[in-house]
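Chemist: For reference, the structure I am asking about is given below.
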Number of protein chains: 2
Amino acid sequence: MEIREVFARNLRAARQAKGLSQEELAHRADIDRTYISSLERSIYNASIEVVDRLATVLGVEASELLKRSQDEHVKSTIELDE
Amino acid sequence: MEIREVFARNLRAARQAKGLSQEELAHRADIDRTYISSLERSIYNASIEVVDRLATVLGVEASELLKRSQDEHVKSTIELDE
DNA sequence: GTGTGACTCGAAGTCCGTA
DNA sequence: GTACGGACTTCGAGTCACA
């Protein structure tokens, strides 16, 4: 599995766990909304700088968003009700 | 601390721990020799694809190469209090 | 609220060299 | 074996209108 797919899944999972829309996340990370959409669809191999900014806003470590086959791990790391 | 600096330090540490030269690492990861040098000097923000390929060759998880020291993590977490 | 194609622009990444 | 420079080419970064 491509690393960008891993990132895409972890990003979407972390975003939804936080209860944020792509719009809201884009706003807080100062990144374009459609670019967030592209990342979640595995269009690009994001740079580590973008990964770090998104991770910071989502309240996780940048490394968390690159972990393979641990969908549950990201979710459980972010303790958020609904 | 910039994420690329974190990556640069972790990359060099992991490479030396493996006893590999920049040349050898570049060859095995199929990445330009001078680019590895640039990454270890924090010149660029590598894409996650490059991070993943290097991590694979070094026998570690891609996420391992982006881990900040505990002190740095605490600092950045406190700074971005919403 | 999200997906997508088309676009521009600059950084990522390669390839040549020298010290 | 590594740092560093110049001159490339590729692709991520960022924006827009429209579905």
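Lettering and numbering for the structure tokens are positional, with chains as A, B, ... in the shown order, residues counted from 1 in each chain, and ligands counted from 1 in the shown order.
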Matching each Cα of chain B to its counterpart in chain A by order, what RMSD results from the least-squares fit?

Modeler: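 That comparison of chain A with chain B gives 9.2 Å.
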
Chemist: Would you mind listing, as a PyMOL selection string, all residues of chain B that have at least one atom within 9 Å of chain C, where only C-alpha atoms (C1' of nucleotides) are what counts?

Modeler: chain B and resi 31-32+35+44-47

Chemist: Include N, CA, C and O atoms and write out the residues we just selected as a PDB file, in the first residue's frame.

Modeler:
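Below is the file that was written, result06.pdb:
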```pdb
ATOM      1  N   ILE B  31      17.572   6.913  -4.695  1.00  0.00           N
ATOM      2  CA  ILE B  31      17.429   8.361  -4.554  1.00  0.00           C
ATOM      3  C   ILE B  31      18.805   8.967  -4.827  1.00  0.00           C
ATOM      4  O   ILE B  31      19.824   8.332  -4.560  1.00  0.00           O
ATOM      5  N   ASP B  32      18.824  10.163  -5.371  1.00  0.00           N
ATOM      6  CA  ASP B  32      20.088  10.808  -5.694  1.00  0.00           C
ATOM      7  C   ASP B  32      20.966  11.010  -4.457  1.00  0.00           C
ATOM      8  O   ASP B  32      20.474  11.409  -3.400  1.00  0.00           O
ATOM      9  N   TYR B  35      21.018  14.411  -2.921  1.00  0.00           N
ATOM     10  CA  TYR B  35      19.737  14.769  -2.307  1.00  0.00           C
ATOM     11  C   TYR B  35      19.686  14.277  -0.862  1.00  0.00           C
ATOM     12  O   TYR B  35      19.156  14.953   0.021  1.00  0.00           O
ATOM     13  N   TYR B  44      15.620  20.678   2.397  1.00  0.00           N
ATOM     14  CA  TYR B  44      14.280  20.511   1.822  1.00  0.00           C
ATOM     15  C   TYR B  44      13.273  19.860   2.762  1.00  0.00           C
ATOM     16  O   TYR B  44      13.643  19.195   3.723  1.00  0.00           O
ATOM     17  N   ASN B  45      11.981  20.037   2.431  1.00  0.00           N
ATOM     18  CA  ASN B  45      10.903  19.327   3.112  1.00  0.00           C
ATOM     19  C   ASN B  45      10.581  18.127   2.224  1.00  0.00           C
ATOM     20  O   ASN B  45       9.869  18.261   1.238  1.00  0.00           O
ATOM     21  N   ALA B  46      11.094  16.987   2.578  1.00  0.00           N
ATOM     22  CA  ALA B  46      10.884  15.791   1.758  1.00  0.00           C
ATOM     23  C   ALA B  46       9.414  15.412   1.684  1.00  0.00           C
ATOM     24  O   ALA B  46       8.630  15.739   2.567  1.00  0.00           O
ATOM     25  N   SER B  47       9.037  14.722   0.612  1.00  0.00           N
ATOM     26  CA  SER B  47       7.665  14.229   0.493  1.00  0.00           C
ATOM     27  C   SER B  47       7.590  12.925   1.296  1.00  0.00           C
ATOM     28  O   SER B  47       8.612  12.288   1.551  1.00  0.00           O
TER      29      SER B  47
END
```

Chemist: Could you pull out the residues in chain B that DSSP calls helix (DSSP H, G or I) from the backbone, as a PDB file with C-alpha atoms, in the first residue's frame?

Modeler:
```
ATOM      1  CA  ILE B   3       9.889  19.308  11.037  1.00  0.00           C
ATOM      2  CA  ARG B   4      12.580  19.020   8.392  1.00  0.00           C
ATOM      3  CA  GLU B   5      15.229  19.447  11.077  1.00  0.00           C
ATOM      4  CA  VAL B   6      13.646  16.666  13.104  1.00  0.00           C
ATOM      5  CA  PHE B   7      13.653  14.484  10.025  1.00  0.00           C
ATOM      6  CA  ALA B   8      17.260  15.412   9.199  1.00  0.00           C
ATOM      7  CA  ARG B   9      18.488  14.363  12.638  1.00  0.00           C
ATOM      8  CA  ASN B  10      16.490  11.150  12.728  1.00  0.00           C
ATOM      9  CA  LEU B  11      17.587  10.251   9.220  1.00  0.00           C
ATOM     10  CA  ARG B  12      21.278  10.718   9.955  1.00  0.00           C
ATOM     11  CA  ALA B  13      20.980   8.851  13.246  1.00  0.00           C
ATOM     12  CA  ALA B  14      19.142   5.934  11.633  1.00  0.00           C
ATOM     13  CA  ARG B  15      21.592   5.793   8.741  1.00  0.00           C
ATOM     14  CA  GLN B  16      24.638   5.750  10.984  1.00  0.00           C
ATOM     15  CA  ALA B  17      23.002   3.213  13.259  1.00  0.00           C
ATOM     16  CA  GLN B  22      24.966   8.413   2.216  1.00  0.00           C
ATOM     17  CA  GLU B  23      26.060   6.855  -1.061  1.00  0.00           C
ATOM     18  CA  GLU B  24      24.967   3.362  -0.102  1.00  0.00           C
ATOM     19  CA  LEU B  25      21.664   4.557   1.320  1.00  0.00           C
ATOM     20  CA  ALA B  26      21.002   6.597  -1.816  1.00  0.00           C
ATOM     21  CA  HIS B  27      21.701   3.584  -3.992  1.00  0.00           C
ATOM     22  CA  ARG B  28      19.450   1.222  -2.047  1.00  0.00           C
ATOM     23  CA  ALA B  29      16.578   3.713  -1.863  1.00  0.00           C
ATOM     24  CA  ARG B  33      23.226  10.849  -3.547  1.00  0.00           C
ATOM     25  CA  THR B  34      23.395  14.636  -3.261  1.00  0.00           C
ATOM     26  CA  TYR B  35      19.737  14.769  -2.307  1.00  0.00           C
ATOM     27  CA  ILE B  36      20.355  12.576   0.741  1.00  0.00           C
ATOM     28  CA  SER B  37      23.085  14.997   1.707  1.00  0.00           C
ATOM     29  CA  SER B  38      20.655  17.897   1.313  1.00  0.00           C
ATOM     30  CA  LEU B  39      18.024  16.207   3.441  1.00  0.00           C
ATOM     31  CA  GLU B  40      20.481  15.623   6.288  1.00  0.00           C
ATOM     32  CA  ILE B  48       6.228  11.332   2.474  1.00  0.00           C
ATOM     33  CA  GLU B  49       7.058   9.051  -0.431  1.00  0.00           C
ATOM     34  CA  VAL B  50      10.774   9.725   0.015  1.00  0.00           C
ATOM     35  CA  VAL B  51      10.466   9.358   3.780  1.00  0.00           C
ATOM     36  CA  ASP B  52       8.803   6.001   3.313  1.00  0.00           C
ATOM     37  CA  ARG B  53      11.406   4.681   0.890  1.00  0.00           C
ATOM     38  CA  LEU B  54      14.250   5.704   3.179  1.00  0.00           C
ATOM     39  CA  ALA B  55      12.503   4.226   6.189  1.00  0.00           C
ATOM     40  CA  THR B  56      12.032   0.921   4.396  1.00  0.00           C
ATOM     41  CA  VAL B  57      15.721   0.689   3.529  1.00  0.00           C
ATOM     42  CA  LEU B  58      16.690   1.639   7.065  1.00  0.00           C
ATOM     43  CA  ALA B  62       8.226   5.927   8.276  1.00  0.00           C
ATOM     44  CA  SER B  63       6.687   7.442  11.374  1.00  0.00           C
ATOM     45  CA  GLU B  64       9.893   6.793  13.325  1.00  0.00           C
ATOM     46  CA  LEU B  65      11.775   9.307  11.205  1.00  0.00           C
ATOM     47  CA  LEU B  66       9.358  12.116  12.057  1.00  0.00           C
ATOM     48  CA  GLN B  70       9.464  14.647  24.007  1.00  0.00           C
ATOM     49  CA  ASP B  71      10.441  18.174  24.991  1.00  0.00           C
ATOM     50  CA  GLU B  72       9.738  19.582  21.568  1.00  0.00           C
ATOM     51  CA  HIS B  73       6.399  17.851  21.437  1.00  0.00           C
ATOM     52  CA  VAL B  74       5.263  19.290  24.700  1.00  0.00           C
ATOM     53  CA  LYS B  75       6.286  22.769  23.645  1.00  0.00           C
ATOM     54  CA  SER B  76       4.431  22.749  20.341  1.00  0.00           C
ATOM     55  CA  THR B  77       1.361  21.290  22.001  1.00  0.00           C
ATOM     56  CA  ILE B  78       1.216  24.070  24.540  1.00  0.00           C
ATOM     57  CA  GLU B  79       1.865  26.800  21.986  1.00  0.00           C
TER      58      GLU B  79
END
```

Chemist: Measuring between only C-alpha atoms, which one of A:Ser69, A:Arg41, A:Gly19, A:Gly59 shows the shortest distance to chain B?

Modeler: A:Gly59

Chemist: Please return, as a ChimeraX atom specification, all residues of chain D lying within 9 Å of chain B when only C-alpha atoms (C1' of nucleotides) are considered.

Modeler: /D:1-3,12

Chemist: In Å, rounded to a single decimal, give me how far atom C1' of DT15 of chain D is from atom CA of Glu2 of chain A.

Modeler: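 If I compute the distance from atom CA of Glu2 of chain A to atom C1' of DT15 of chain D, I get 26.9 Å.
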
Chemist: Would you compute the distance between atom CA of Met1 of chain B and atom CA of Ser42 of chain B? Give it in Å to one decimal.

Modeler: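 Separation of atom CA of Met1 of chain B and atom CA of Ser42 of chain B: 11.3 Å.
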